[in-house]
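Text of final27.txt, listed as compact mmCIF, C-alpha atoms:
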# COMPACT_ATOMS: atom_id res chain seq x y z
CA MET A 21 53.53 106.06 -172.74
CA ARG A 22 54.94 102.72 -173.81
CA LEU A 23 58.57 102.22 -173.00
CA HIS A 24 59.13 99.86 -175.89
CA GLN A 25 57.81 102.44 -178.34
CA VAL A 26 59.64 101.88 -181.58
CA GLY A 27 61.28 104.80 -183.34
CA GLN A 28 61.72 107.18 -180.41
CA HIS A 29 65.28 108.23 -179.66
CA ILE A 30 64.49 109.04 -176.04
CA VAL A 31 61.74 107.70 -173.80
CA LEU A 32 61.72 108.38 -170.06
CA GLU A 33 59.02 107.09 -167.71
CA ASP A 34 58.85 108.44 -164.17
CA VAL A 35 62.64 108.57 -163.96
CA GLY A 36 64.42 109.65 -160.80
CA VAL A 37 68.13 110.17 -160.18
CA SER A 38 69.92 110.64 -156.87
CA LEU A 39 73.56 111.56 -156.47
CA GLY A 40 75.41 111.55 -153.17
CA GLY A 41 72.20 110.78 -151.30
CA GLN A 42 70.44 113.80 -152.78
CA THR A 43 67.55 113.55 -155.22
CA ILE A 44 68.49 115.51 -158.34
CA LEU A 45 65.79 114.45 -160.82
CA ARG A 46 62.33 113.13 -159.99
CA GLY A 47 59.34 111.83 -161.89
CA LEU A 48 60.67 112.70 -165.33
CA GLY A 49 58.59 111.72 -168.34
CA LEU A 50 59.86 112.56 -171.79
CA GLU A 51 59.66 111.46 -175.40
CA VAL A 52 61.92 112.77 -178.11
CA SER A 53 61.65 111.63 -181.72
CA PRO A 54 64.30 111.54 -184.42
CA GLY A 55 64.61 114.96 -186.00
CA ASP A 56 63.53 116.78 -182.82
CA VAL A 57 65.46 119.62 -181.25
CA LEU A 58 64.49 119.80 -177.59
CA GLY A 59 65.54 122.70 -175.40
CA ILE A 60 65.51 122.47 -171.61
CA ALA A 61 65.83 125.68 -169.64
CA GLY A 62 66.34 125.96 -165.93
CA PRO A 63 68.25 127.82 -163.25
CA ASN A 64 71.61 126.70 -161.88
CA GLY A 65 71.24 123.59 -159.75
CA SER A 66 67.97 122.51 -161.32
CA GLY A 67 69.45 119.24 -162.61
CA LYS A 68 70.10 120.10 -166.28
CA THR A 69 73.60 118.64 -166.41
CA THR A 70 72.49 115.52 -164.55
CA LEU A 71 69.65 115.08 -167.05
CA LEU A 72 72.11 115.29 -169.96
CA ARG A 73 74.44 112.79 -168.29
CA LEU A 74 71.47 110.49 -167.83
CA LEU A 75 70.60 110.83 -171.52
CA ALA A 76 74.27 110.26 -172.39
CA THR A 77 73.92 106.94 -170.46
CA LEU A 78 76.79 108.00 -168.19
CA ILE A 79 74.59 107.64 -165.12
CA ALA A 80 71.70 105.26 -164.51
CA PRO A 81 68.27 106.10 -163.11
CA ASP A 82 67.50 105.14 -159.52
CA SER A 83 63.82 104.79 -160.28
CA GLY A 84 61.62 104.62 -163.35
CA LYS A 85 62.55 103.38 -166.79
CA GLY A 86 64.15 104.87 -169.82
CA LEU A 87 65.29 104.10 -173.34
CA VAL A 88 67.96 106.01 -175.25
CA LEU A 89 68.57 105.05 -178.89
CA GLY A 90 66.81 101.78 -178.13
CA ALA A 91 69.00 100.86 -175.15
CA ARG A 92 67.49 100.52 -171.71
CA LEU A 93 69.12 102.96 -169.28
CA GLY A 94 71.10 101.23 -166.56
CA SER A 95 71.50 98.03 -168.59
CA PRO A 96 74.58 96.76 -170.45
CA GLN A 97 72.77 97.61 -173.70
CA VAL A 98 73.98 101.20 -173.32
CA TYR A 99 77.62 100.19 -173.92
CA ASP A 100 76.78 99.48 -177.55
CA ILE A 101 75.04 102.78 -178.30
CA ARG A 102 77.36 105.21 -176.52
CA ARG A 103 79.40 105.74 -179.66
CA ASN A 104 76.29 107.28 -181.22
CA ILE A 105 76.01 109.94 -178.53
CA GLY A 106 77.85 113.25 -178.65
CA LEU A 107 78.08 115.31 -175.48
CA VAL A 108 79.27 118.89 -175.40
CA GLY A 109 79.81 119.66 -171.73
CA HIS A 110 80.55 122.86 -169.80
CA THR A 111 84.27 122.41 -170.38
CA PRO A 112 85.66 121.19 -173.70
CA THR A 113 87.41 117.85 -173.22
CA VAL A 114 90.88 117.80 -174.71
CA ILE A 115 94.24 116.50 -173.55
CA GLY A 116 96.17 119.69 -172.83
CA GLU A 117 99.61 118.30 -173.69
CA LEU A 118 98.51 117.29 -177.18
CA THR A 119 97.92 119.60 -180.12
CA LEU A 120 94.38 120.12 -181.34
CA ARG A 121 95.13 117.92 -184.35
CA GLU A 122 96.61 115.18 -182.16
CA ASN A 123 93.53 115.32 -179.95
CA LEU A 124 91.35 114.88 -182.99
CA GLU A 125 93.50 112.04 -184.35
CA HIS A 126 93.38 110.31 -180.96
CA ALA A 127 89.59 110.51 -180.70
CA THR A 128 89.16 109.44 -184.32
CA ARG A 129 91.38 106.38 -183.88
CA LEU A 130 89.63 105.34 -180.68
CA ALA A 131 86.25 105.66 -182.36
CA GLY A 132 87.47 103.69 -185.37
CA GLU A 133 86.64 106.53 -187.76
CA ASN A 134 88.40 107.47 -190.98
CA GLN A 135 91.50 109.62 -190.39
CA GLU A 136 91.12 111.27 -193.78
CA ARG A 137 88.17 113.30 -192.51
CA ILE A 138 90.31 115.16 -189.99
CA ASP A 139 91.62 117.77 -192.43
CA ILE A 140 88.14 118.49 -193.72
CA ALA A 141 86.73 118.79 -190.20
CA LEU A 142 89.53 121.14 -189.13
CA ARG A 143 88.89 123.32 -192.17
CA VAL A 144 85.14 123.40 -191.57
CA VAL A 145 85.55 124.58 -187.97
CA GLY A 146 88.21 127.12 -188.94
CA LEU A 147 91.09 125.46 -187.10
CA ASP A 148 93.23 124.44 -190.06
CA GLY A 149 95.70 127.24 -189.24
CA ALA A 150 95.81 126.50 -185.50
CA ALA A 151 95.72 122.71 -185.46
CA GLY A 152 99.33 122.55 -184.26
CA ARG A 153 98.57 124.48 -181.10
CA ARG A 154 98.49 122.52 -177.86
CA GLY A 155 95.21 122.19 -176.00
CA GLU A 156 96.63 123.88 -172.91
CA ALA A 157 97.62 126.91 -175.03
CA SER A 158 94.29 127.23 -176.82
CA SER A 159 91.41 129.54 -176.01
CA PHE A 160 88.01 128.31 -174.89
CA GLY A 161 86.57 129.10 -178.29
CA MET A 162 89.28 127.11 -180.08
CA LEU A 163 88.70 124.12 -177.80
CA ARG A 164 84.98 124.31 -178.57
CA ARG A 165 85.81 124.33 -182.28
CA ALA A 166 88.04 121.28 -181.81
CA GLU A 167 85.16 119.57 -180.04
CA ALA A 168 82.87 120.50 -182.93
CA ALA A 169 85.40 119.01 -185.37
CA ARG A 170 85.35 115.75 -183.41
CA LEU A 171 81.56 115.65 -183.53
CA LEU A 172 81.62 116.33 -187.28
CA ILE A 173 83.72 113.21 -187.69
CA THR A 174 81.89 110.94 -185.25
CA ASN A 175 78.50 112.27 -186.44
CA PRO A 176 76.39 111.21 -183.42
CA SER A 177 72.71 110.32 -183.69
CA LEU A 178 72.03 112.00 -180.37
CA LEU A 179 73.67 115.35 -179.76
CA LEU A 180 73.58 116.67 -176.19
CA LEU A 181 74.59 120.28 -175.62
CA ASP A 182 75.20 121.59 -172.11
CA GLU A 183 75.39 125.39 -172.11
CA ALA A 184 77.18 124.96 -175.42
CA PHE A 185 76.65 128.55 -176.55
CA SER A 186 78.01 130.23 -173.44
CA GLY A 187 81.25 132.15 -173.91
CA LEU A 188 81.36 131.71 -177.68
CA ASP A 189 81.64 134.38 -180.33
CA VAL A 190 79.07 134.59 -183.13
CA ASP A 191 81.14 132.48 -185.55
CA ALA A 192 81.55 129.68 -183.03
CA GLN A 193 77.86 129.81 -182.15
CA GLU A 194 77.07 129.43 -185.85
CA LEU A 195 79.30 126.37 -185.87
CA ILE A 196 77.27 124.76 -183.10
CA ASP A 197 74.13 125.72 -185.02
CA ALA A 198 75.55 123.95 -188.07
CA LEU A 199 76.18 120.85 -185.95
CA ILE A 200 72.55 120.91 -184.84
CA VAL A 201 71.32 121.24 -188.42
CA ARG A 202 73.58 118.44 -189.59
CA THR A 203 72.38 116.14 -186.81
CA ILE A 204 68.74 116.82 -187.64
CA GLN A 205 69.34 116.33 -191.36
CA SER A 206 70.81 112.91 -190.53
CA ASP A 207 67.57 112.10 -188.68
CA GLY A 208 69.32 112.50 -185.37
CA THR A 209 68.09 114.16 -182.20
CA VAL A 210 69.37 117.18 -180.32
CA VAL A 211 68.79 117.98 -176.66
CA MET A 212 70.27 121.21 -175.36
CA VAL A 213 70.12 122.72 -171.91
CA SER A 214 70.82 126.24 -170.80
CA HIS A 215 70.08 128.55 -167.91
CA ASP A 216 69.42 131.18 -170.57
CA ALA A 217 66.18 130.39 -172.39
CA GLY A 218 67.21 132.94 -175.01
CA HIS A 219 69.87 130.51 -176.25
CA LEU A 220 67.21 127.86 -176.81
CA GLY A 221 64.21 129.74 -178.18
CA ASP A 222 65.35 130.21 -181.77
CA ARG A 223 66.95 126.81 -182.07
CA ALA A 224 64.66 124.35 -180.33
CA GLY A 225 61.38 123.12 -181.74
CA ARG A 226 60.18 122.50 -178.20
CA VAL A 227 61.32 124.01 -174.90
CA LEU A 228 60.71 122.51 -171.46
CA THR A 229 61.56 123.97 -168.11
CA LEU A 230 63.43 122.03 -165.47
CA SER A 231 63.00 123.26 -161.93
CA ALA A 232 64.17 121.48 -158.77
CA GLY A 233 64.58 118.25 -160.70
CA ARG A 234 61.14 118.27 -162.31
CA LEU A 235 60.10 119.06 -165.85
CA GLU A 236 57.46 121.57 -164.99
CA ALA A 237 56.22 123.52 -167.90
CA VAL A 238 56.07 123.32 -171.66
CA ALA A 239 56.51 126.53 -173.58
CA MET B 12 90.73 93.60 -183.08
CA ARG B 13 89.35 96.97 -181.99
CA PHE B 14 90.31 96.06 -178.43
CA TRP B 15 94.01 95.99 -179.22
CA GLU B 16 93.82 99.02 -181.50
CA GLN B 17 92.27 100.99 -178.67
CA ALA B 18 94.73 99.66 -176.09
CA LEU B 19 97.76 100.50 -178.26
CA GLU B 20 96.38 103.94 -179.13
CA ILE B 21 95.90 104.77 -175.45
CA ALA B 22 99.41 103.52 -174.64
CA ARG B 23 100.90 105.52 -177.53
CA ILE B 24 99.23 108.78 -176.50
CA ASP B 25 100.06 108.20 -172.86
CA LEU B 26 103.76 107.87 -173.68
CA ARG B 27 103.63 110.98 -175.87
CA VAL B 28 102.07 112.97 -173.04
CA GLU B 29 104.73 111.67 -170.64
CA ARG B 30 107.47 112.64 -173.09
CA ARG B 31 106.16 116.20 -173.03
CA LEU B 32 105.39 116.37 -169.31
CA GLY B 33 108.45 114.44 -168.16
CA ASP B 34 106.93 113.54 -164.77
CA VAL B 35 108.90 110.33 -164.42
CA LEU B 36 112.28 111.47 -165.75
CA ARG B 37 112.33 114.97 -164.35
CA ILE B 38 110.59 114.51 -161.03
CA VAL B 39 110.28 110.93 -159.76
CA LEU B 40 113.68 109.61 -160.86
CA PRO B 41 115.79 112.48 -159.44
CA PHE B 42 114.00 112.21 -156.09
CA ALA B 43 114.55 108.45 -156.01
CA VAL B 44 118.27 108.88 -156.77
CA VAL B 45 118.57 111.51 -154.03
CA SER B 46 116.96 109.04 -151.63
CA LEU B 47 119.57 106.46 -152.67
CA LEU B 48 122.22 108.99 -151.66
CA VAL B 49 120.64 109.65 -148.28
CA PHE B 50 120.92 106.06 -147.06
CA PRO B 51 124.74 105.85 -147.07
CA LEU B 52 124.93 109.23 -145.35
CA ALA B 53 122.56 108.02 -142.64
CA MET B 54 124.78 104.96 -142.12
CA SER B 55 127.92 107.05 -141.46
CA ILE B 56 129.29 105.98 -144.82
CA ASP B 57 130.24 102.51 -143.67
CA LEU B 58 131.17 101.17 -147.10
CA THR B 59 130.92 97.47 -146.19
CA THR B 60 127.39 97.86 -144.86
CA VAL B 61 126.44 100.14 -147.73
CA SER B 62 127.49 97.58 -150.32
CA GLN B 63 125.50 94.89 -148.48
CA ILE B 64 122.24 96.84 -148.26
CA GLY B 65 122.34 98.16 -151.83
CA PRO B 66 119.92 95.67 -153.43
CA ALA B 67 117.48 95.91 -150.49
CA VAL B 68 117.48 99.70 -150.64
CA PHE B 69 116.95 99.48 -154.41
CA TRP B 70 113.84 97.32 -154.02
CA ALA B 71 112.42 99.44 -151.21
CA LEU B 72 112.91 102.70 -153.07
CA GLY B 73 111.96 101.12 -156.39
CA ILE B 74 108.60 100.08 -155.02
CA LEU B 75 107.97 103.33 -153.12
CA PHE B 76 108.87 105.66 -155.97
CA GLY B 77 107.53 103.18 -158.52
CA MET B 78 104.16 103.72 -156.88
CA GLN B 79 104.38 107.34 -157.97
CA VAL B 80 104.98 106.19 -161.53
CA ALA B 81 102.19 103.63 -161.32
CA LEU B 82 99.69 106.09 -159.88
CA ARG B 83 100.32 108.95 -162.29
CA HIS B 84 97.13 108.07 -164.17
CA ALA B 85 95.10 108.37 -160.99
CA ALA B 86 96.54 111.84 -160.44
CA ASN B 87 95.96 113.03 -164.03
CA ASP B 88 92.73 111.25 -164.86
CA ARG B 89 89.82 113.69 -165.29
CA PRO B 90 86.17 112.60 -165.15
CA GLU B 91 85.52 114.46 -168.42
CA ARG B 92 88.17 112.37 -170.17
CA ARG B 93 86.69 109.16 -168.81
CA ASP B 94 83.29 110.27 -170.12
CA LEU B 95 84.77 111.10 -173.51
CA TYR B 96 86.40 107.69 -173.78
CA ALA B 97 83.10 106.04 -172.86
CA LEU B 98 81.26 108.01 -175.54
CA LEU B 99 83.91 107.16 -178.13
CA GLY B 100 83.14 103.50 -177.45
CA VAL B 101 86.44 102.71 -175.72
CA ASP B 102 86.33 99.36 -173.94
CA PRO B 103 87.36 100.01 -170.31
CA ALA B 104 89.40 96.80 -170.40
CA ALA B 105 91.31 98.16 -173.41
CA ARG B 106 91.96 101.33 -171.44
CA PHE B 107 93.33 99.24 -168.55
CA VAL B 108 95.58 97.26 -170.88
CA GLY B 109 96.75 100.41 -172.71
CA ARG B 110 97.60 102.20 -169.50
CA SER B 111 99.33 99.13 -168.12
CA LEU B 112 101.42 98.91 -171.30
CA SER B 113 102.54 102.53 -171.26
CA GLY B 114 103.03 102.44 -167.50
CA SER B 115 105.16 99.30 -167.78
CA VAL B 116 107.45 100.96 -170.31
CA LEU B 117 107.93 103.95 -168.00
CA MET B 118 108.29 101.75 -164.94
CA LEU B 119 110.98 99.61 -166.53
CA GLY B 120 112.88 102.69 -167.65
CA PHE B 121 112.63 104.10 -164.14
CA LEU B 122 113.69 100.88 -162.39
CA LEU B 123 116.61 100.34 -164.79
CA ALA B 124 117.88 103.87 -164.22
CA LEU B 125 117.51 103.42 -160.46
CA LEU B 126 119.34 100.09 -160.62
CA LEU B 127 122.27 101.67 -162.46
CA ALA B 128 122.35 104.51 -159.93
CA MET B 129 122.34 101.98 -157.06
CA ILE B 130 125.21 100.02 -158.62
CA ALA B 131 127.20 103.21 -159.12
CA LEU B 132 126.56 104.57 -155.61
CA TYR B 133 126.66 101.40 -153.51
CA SER B 134 129.06 99.10 -155.42
CA PRO B 135 127.05 96.10 -154.19
CA ARG B 136 128.46 92.60 -154.18
CA LEU B 137 126.12 90.98 -156.66
CA PRO B 138 126.17 87.20 -157.16
CA GLU B 139 127.66 85.80 -160.31
CA GLY B 140 125.22 85.58 -163.23
CA TRP B 141 122.82 88.04 -161.58
CA LEU B 142 122.13 90.12 -164.69
CA GLY B 143 119.68 87.83 -166.53
CA PRO B 144 117.57 86.73 -163.53
CA GLY B 145 117.82 90.22 -162.04
CA LEU B 146 116.41 91.80 -165.19
CA TYR B 147 113.63 89.18 -165.36
CA ALA B 148 112.70 89.98 -161.77
CA LEU B 149 112.84 93.70 -162.53
CA LEU B 150 110.62 93.27 -165.59
CA LEU B 151 108.03 91.17 -163.78
CA ALA B 152 107.96 93.33 -160.66
CA GLY B 153 107.67 96.47 -162.81
CA ILE B 154 104.74 95.09 -164.80
CA GLY B 155 103.00 93.95 -161.63
CA LEU B 156 103.45 97.29 -159.91
CA THR B 157 102.09 99.11 -162.95
CA GLU B 158 99.05 96.84 -163.15
CA LEU B 159 98.47 97.34 -159.45
CA GLY B 160 98.70 101.12 -159.77
CA THR B 161 96.37 101.17 -162.77
CA LEU B 162 93.86 98.95 -160.97
CA ALA B 163 94.06 101.07 -157.80
CA GLY B 164 93.46 104.16 -159.93
CA GLU B 165 90.31 102.57 -161.33
CA VAL B 166 89.09 101.44 -157.90
CA THR B 167 89.46 104.96 -156.49
CA ALA B 168 88.21 106.86 -159.57
CA GLY B 169 85.67 109.48 -158.59
CA LEU B 170 86.59 109.35 -154.90
CA ARG B 171 87.82 112.25 -152.84
CA ASN B 172 91.50 111.94 -151.77
CA ARG B 173 91.90 109.52 -154.63
CA THR B 174 95.69 109.56 -154.85
CA ALA B 175 96.18 108.91 -151.13
CA LEU B 176 93.62 106.10 -151.16
CA ALA B 177 95.21 104.51 -154.21
CA SER B 178 98.61 104.49 -152.46
CA LEU B 179 97.05 102.74 -149.48
CA ILE B 180 95.75 100.03 -151.81
CA VAL B 181 98.99 99.61 -153.71
CA ALA B 182 101.42 99.48 -150.78
CA PRO B 183 100.21 96.25 -149.09
CA LEU B 184 99.37 94.51 -152.37
CA ALA B 185 102.88 95.20 -153.68
CA ILE B 186 104.38 92.96 -150.98
CA PRO B 187 104.51 89.83 -153.22
CA LEU B 188 106.33 91.90 -155.83
CA VAL B 189 108.93 93.13 -153.34
CA ILE B 190 109.45 89.65 -151.97
CA GLY B 191 109.64 88.06 -155.42
CA GLY B 192 112.06 90.68 -156.72
CA SER B 193 114.39 90.82 -153.73
CA GLN B 194 114.43 87.07 -153.09
CA THR B 195 115.45 86.33 -156.67
CA LEU B 196 118.85 87.92 -156.02
CA GLU B 197 119.04 86.41 -152.53
CA SER B 198 118.46 82.94 -153.95
CA LEU B 199 121.19 83.49 -156.50
CA ALA B 200 123.57 84.53 -153.72
CA ARG B 201 122.66 81.42 -151.68
CA ASP B 202 122.86 79.27 -154.81
CA THR B 203 119.26 78.06 -154.46
CA SER B 204 116.56 77.96 -157.10
CA ILE B 205 115.12 81.29 -158.22
CA LEU B 206 112.16 79.60 -159.89
CA PRO B 207 109.68 79.92 -156.97
CA TRP B 208 110.29 83.68 -156.79
CA LEU B 209 109.94 84.19 -160.53
CA LEU B 210 106.76 82.11 -160.47
CA LEU B 211 105.44 84.26 -157.62
CA LEU B 212 106.02 87.34 -159.76
CA VAL B 213 104.42 85.79 -162.85
CA ALA B 214 101.40 84.59 -160.85
CA THR B 215 100.95 88.05 -159.29
CA ASP B 216 101.19 89.75 -162.70
CA LEU B 217 98.67 87.35 -164.22
CA ALA B 218 96.24 87.69 -161.31
CA LEU B 219 96.40 91.49 -161.53
CA ALA B 220 95.93 91.42 -165.32
CA VAL B 221 92.87 89.18 -165.04
CA ALA B 222 91.43 91.29 -162.21
CA GLY B 223 92.09 94.54 -164.12
CA VAL B 224 90.44 93.35 -167.32
CA ALA B 225 87.50 91.67 -165.57
CA LEU B 226 86.79 94.59 -163.24
CA ALA B 227 87.41 97.41 -165.71
CA ARG B 228 83.79 97.79 -166.85
CA PRO B 229 82.09 97.53 -163.44
CA LEU B 230 84.67 99.88 -161.91
CA GLU B 231 84.16 102.44 -164.65
CA GLU B 232 80.40 102.36 -164.28
CA ALA B 233 80.67 102.61 -160.49
CA SER B 234 83.00 105.61 -160.70
CA ARG B 235 80.28 107.97 -161.96

Could you show the structure in this file as structure tokens?
Amino acid sequence: MRLHQVGQHIVLEDVGVSLGGQTILRGLGLEVSPGDVLGIAGPNGSGKTTLLRLLATLIAPDSGKGLVLGARLGSPQVYDIRRNIGLVGHTPTVIGELTLRENLEHATRLAGENQERIDIALRVVGLDGAAGRRGEASSFGMLRRAEAARLLITNPSLLLLDEAFSGLDVDAQELIDALIVRTIQSDGTVVMVSHDAGHLGDRAGRVLTLSAGRLEAVA
Amino acid sequence: MRFWEQALEIARIDLRVERRLGDVLRIVLPFAVVSLLVFPLAMSIDLTTVSQIGPAVFWALGILFGMQVALRHAANDRPERRDLYALLGVDPAARFVGRSLSGSVLMLGFLLALLLAMIALYSPRLPEGWLGPGLYALLLAGIGLTELGTLAGEVTAGLRNRTALASLIVAPLAIPLVIGGSQTLESLARDTSILPWLLLLVATDLALAVAGVALARPLEEASR
């Protein structure tokens, strides 16, 4: 594998990550091309969330080399490409004291995106009637929808989903599916992790298994 | 340009959240005023002494309770929100400036309210022409304390016992601010120049601003 390979959205070469003195990921090799949907299954504690944070450039590898959207992991290059990464974590990130609309306006302003797209995004995710509700008074599903609305506006090239389907009703799951489709249609890349391989099977073109910090098997 | 847009947006939202939460007005300020009341009681209500110690008590309580105002970000900051800001492309230095701006507004409001309460409760003998220099000193000390609190919040981000550690950083480093603020009024009373004390405050504010902006990125990366 050549690290400088042009055109790949993700390239990892023998990457290891340690947190708090404990090795979480070891010897990871991975290539993901634009348009790919990669699923990674694994039990709790296998390192799935750490892997997504690595791909989100929020943590740097301790060993090995990696490129994400052309930026070398652990280098200042990642500051310039972070805006093109969308991360849906375990817990939706909103400011509880703000309404869902205000949260969206805040994120849109910080990202330098067009405010006019907020109404459309809220309508698409089915929050146009509940946009005035504060984050702290919203259900998990509504917060996920607000997060989806933000991602519709920022339109990331790399979409990272961490157990994104857990705890969602069918409509909300379809919304996440629509986000995946939209990302792929824009020649973006999707990486999703779940402890439940059933959530990945129908959606991912390729599924890997992460066990004890190693990518072990390809299904 | 984006730097200032981001900084102002963060300051704007921070003030809106504070308006809804009311941490400073409803919690910190009442406690500080109650503390102002306790001092005269502890001194057997000797009115002469009380009026003499008023400004000193104001600065001591202003810095102590001001630390609570300055460190509110450290208490409320969630790792997920820091990650979100990073992925929205927010410059950590813009975040530092934004938080320092909103914190300074709250700090000045808090210190002004505390000053009025001190004047009402202690009837201090303030030197003639104290208002202008006193407000300058208040402004500069408030900005410095806010910058210090914001910087301490960044230094301790991601650490266990973050709030306690941040207080330990702020307390000793706030000494130039206490000295500069309190000595401004003292110099007026002694009819000596207040310029050295105001310059001390300005230099401290500038040093903290430069440190906050320069260290914002490395501190953010190290916090994960």

Counting all atoms listed in the file, give me one row per residue of chain A with an atom at most 6 Å from an atom of chain B, showing the shortest contact pair and its distance in Å to one decimal, sorted by chain then residue number, as JSON lines.
{"residue": "A:Arg102", "atom": "CA", "partner": "B:Leu98", "partner_atom": "CA", "distance": 4.9}
{"residue": "A:Arg103", "atom": "CA", "partner": "B:Gly100", "partner_atom": "CA", "distance": 4.9}
{"residue": "A:Glu117", "atom": "CA", "partner": "B:Val28", "partner_atom": "CA", "distance": 5.9}
{"residue": "A:Leu130", "atom": "CA", "partner": "B:Gln17", "partner_atom": "CA", "distance": 5.5}
{"residue": "A:Ala131", "atom": "CA", "partner": "B:Leu99", "partner_atom": "CA", "distance": 5.1}

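Remark: for Leu82 of chain B, the closest of the candidate residues B:Arg37, B:Arg201, B:Arg110, B:Arg171 is B:Arg110 (distances computed over all atoms listed in the file).
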
| said: What's around Gly221 of chain A at 8 Å? Count all atoms listed in the file, leave out sequence neighbours fewer than 4 positions away in its own chain, and write the answer as a PyMOL selection string. | reply: chain A and resi 59+217+227

| request: Determine, counting only C-alpha atoms, every residue of protein, DNA or RNA that lies within 8 Å of (60.4, 99.5, -167.8) in the file coordinates, then give the result as an MDAnalysis selection string. | output: chainID A and resid 23 33 84:86

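We find atom CA of Gln79 of chain B and atom CA of Thr113 of chain A to be spaced 25.1 Å apart.
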
| message | Report as number ranges by chain all protein, DNA and RNA residues lying within 8 Å of segment 157-168 of chain B, evaluated on all atoms listed in the file, omitting residues in the same chain fewer than 3 positions from it. | response | B: 78, 80-82, 84-85, 107, 110-111, 114-115, 118, 153-154, 173-174, 176-178, 180-181, 184-185, 216, 219-220, 223, 227, 230-231, 234

Take the residues just selected and output them with C-alpha atoms as a PDB file, keeping the file's coordinate frame.
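Once written, out.pdb looks like this:
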ATOM      1  CA  MET B  78     104.160 103.720-156.880  1.00  0.00           C
ATOM      2  CA  VAL B  80     104.980 106.190-161.530  1.00  0.00           C
ATOM      3  CA  ALA B  81     102.190 103.630-161.320  1.00  0.00           C
ATOM      4  CA  LEU B  82      99.690 106.090-159.880  1.00  0.00           C
ATOM      5  CA  HIS B  84      97.130 108.070-164.170  1.00  0.00           C
ATOM      6  CA  ALA B  85      95.100 108.370-160.990  1.00  0.00           C
ATOM      7  CA  PHE B 107      93.330  99.240-168.550  1.00  0.00           C
ATOM      8  CA  ARG B 110      97.600 102.200-169.500  1.00  0.00           C
ATOM      9  CA  SER B 111      99.330  99.130-168.120  1.00  0.00           C
ATOM     10  CA  GLY B 114     103.030 102.440-167.500  1.00  0.00           C
ATOM     11  CA  SER B 115     105.160  99.300-167.780  1.00  0.00           C
ATOM     12  CA  MET B 118     108.290 101.750-164.940  1.00  0.00           C
ATOM     13  CA  GLY B 153     107.670  96.470-162.810  1.00  0.00           C
ATOM     14  CA  ILE B 154     104.740  95.090-164.800  1.00  0.00           C
ATOM     15  CA  ARG B 173      91.900 109.520-154.630  1.00  0.00           C
ATOM     16  CA  THR B 174      95.690 109.560-154.850  1.00  0.00           C
ATOM     17  CA  LEU B 176      93.620 106.100-151.160  1.00  0.00           C
ATOM     18  CA  ALA B 177      95.210 104.510-154.210  1.00  0.00           C
ATOM     19  CA  SER B 178      98.610 104.490-152.460  1.00  0.00           C
ATOM     20  CA  ILE B 180      95.750 100.030-151.810  1.00  0.00           C
ATOM     21  CA  VAL B 181      98.990  99.610-153.710  1.00  0.00           C
ATOM     22  CA  LEU B 184      99.370  94.510-152.370  1.00  0.00           C
ATOM     23  CA  ALA B 185     102.880  95.200-153.680  1.00  0.00           C
ATOM     24  CA  ASP B 216     101.190  89.750-162.700  1.00  0.00           C
ATOM     25  CA  LEU B 219      96.400  91.490-161.530  1.00  0.00           C
ATOM     26  CA  ALA B 220      95.930  91.420-165.320  1.00  0.00           C
ATOM     27  CA  GLY B 223      92.090  94.540-164.120  1.00  0.00           C
ATOM     28  CA  ALA B 227      87.410  97.410-165.710  1.00  0.00           C
ATOM     29  CA  LEU B 230      84.670  99.880-161.910  1.00  0.00           C
ATOM     30  CA  GLU B 231      84.160 102.440-164.650  1.00  0.00           C
ATOM     31  CA  SER B 234      83.000 105.610-160.700  1.00  0.00           C
TER      32      SER B 234
END

| query | Any idea what's packed within 10 Å of Asp202 of chain B, counting all atoms listed in the file, ignoring anything in its chain fewer than 6 positions away? Could you give it as an MDAnalysis selection string? | reply | chainID B and resid 138:139 196

| query | Do you know which residues are at most 7 Å from Leu48 of chain A counting all atoms listed in the file, after dropping those on the same chain fewer than 2 positions away, and could you put them as a list in words? | reply |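 Listed by chain and then number, they are Leu32, Glu33, Asp34, Val35, Gly36, Arg46, Leu50, Arg234 and Leu235 of chain A.
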
| Point (88.7, 112.7, -183.1), cut-off 10 Å, counting only C-alpha atoms, residues as a VMD selection string | (chain A and resid 120 to 135 137 to 138 141 166 to 174) or (chain B and resid 99)

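Closest to Gly109 of chain A among A:Glu183, A:Asp189, A:Glu156, A:Asp56 is A:Glu183, based on all atoms listed in the file.
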
| field | Gap from atom CA of Asp148 of chain A to atom CA of Met162 of chain A - Å, one decimal | value |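 We find that atom CA of Asp148 of chain A and atom CA of Met162 of chain A lie 11.1 Å from each other.
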
| Any idea what's packed within 8 Å of Gly116 of chain A, counting only C-alpha atoms, ignoring anything in its chain fewer than 5 positions away? Could you give it as a list in words? | Arg154, Gly155, Glu156 and Ala157 of chain A

Using the selection just defined, write its residues with C-alpha atoms as a PDB file, keeping the file's coordinate frame.
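Printed below is part26.pdb as written:
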ATOM      1  CA  ARG A 154      98.490 122.520-177.860  1.00  0.00           C
ATOM      2  CA  GLY A 155      95.210 122.190-176.000  1.00  0.00           C
ATOM      3  CA  GLU A 156      96.630 123.880-172.910  1.00  0.00           C
ATOM      4  CA  ALA A 157      97.620 126.910-175.030  1.00  0.00           C
TER       5      ALA A 157
END

| Distance atom CA of Phe160 of chain A-atom CA of Leu179 of chain A, one decimal place? | 19.9 Å
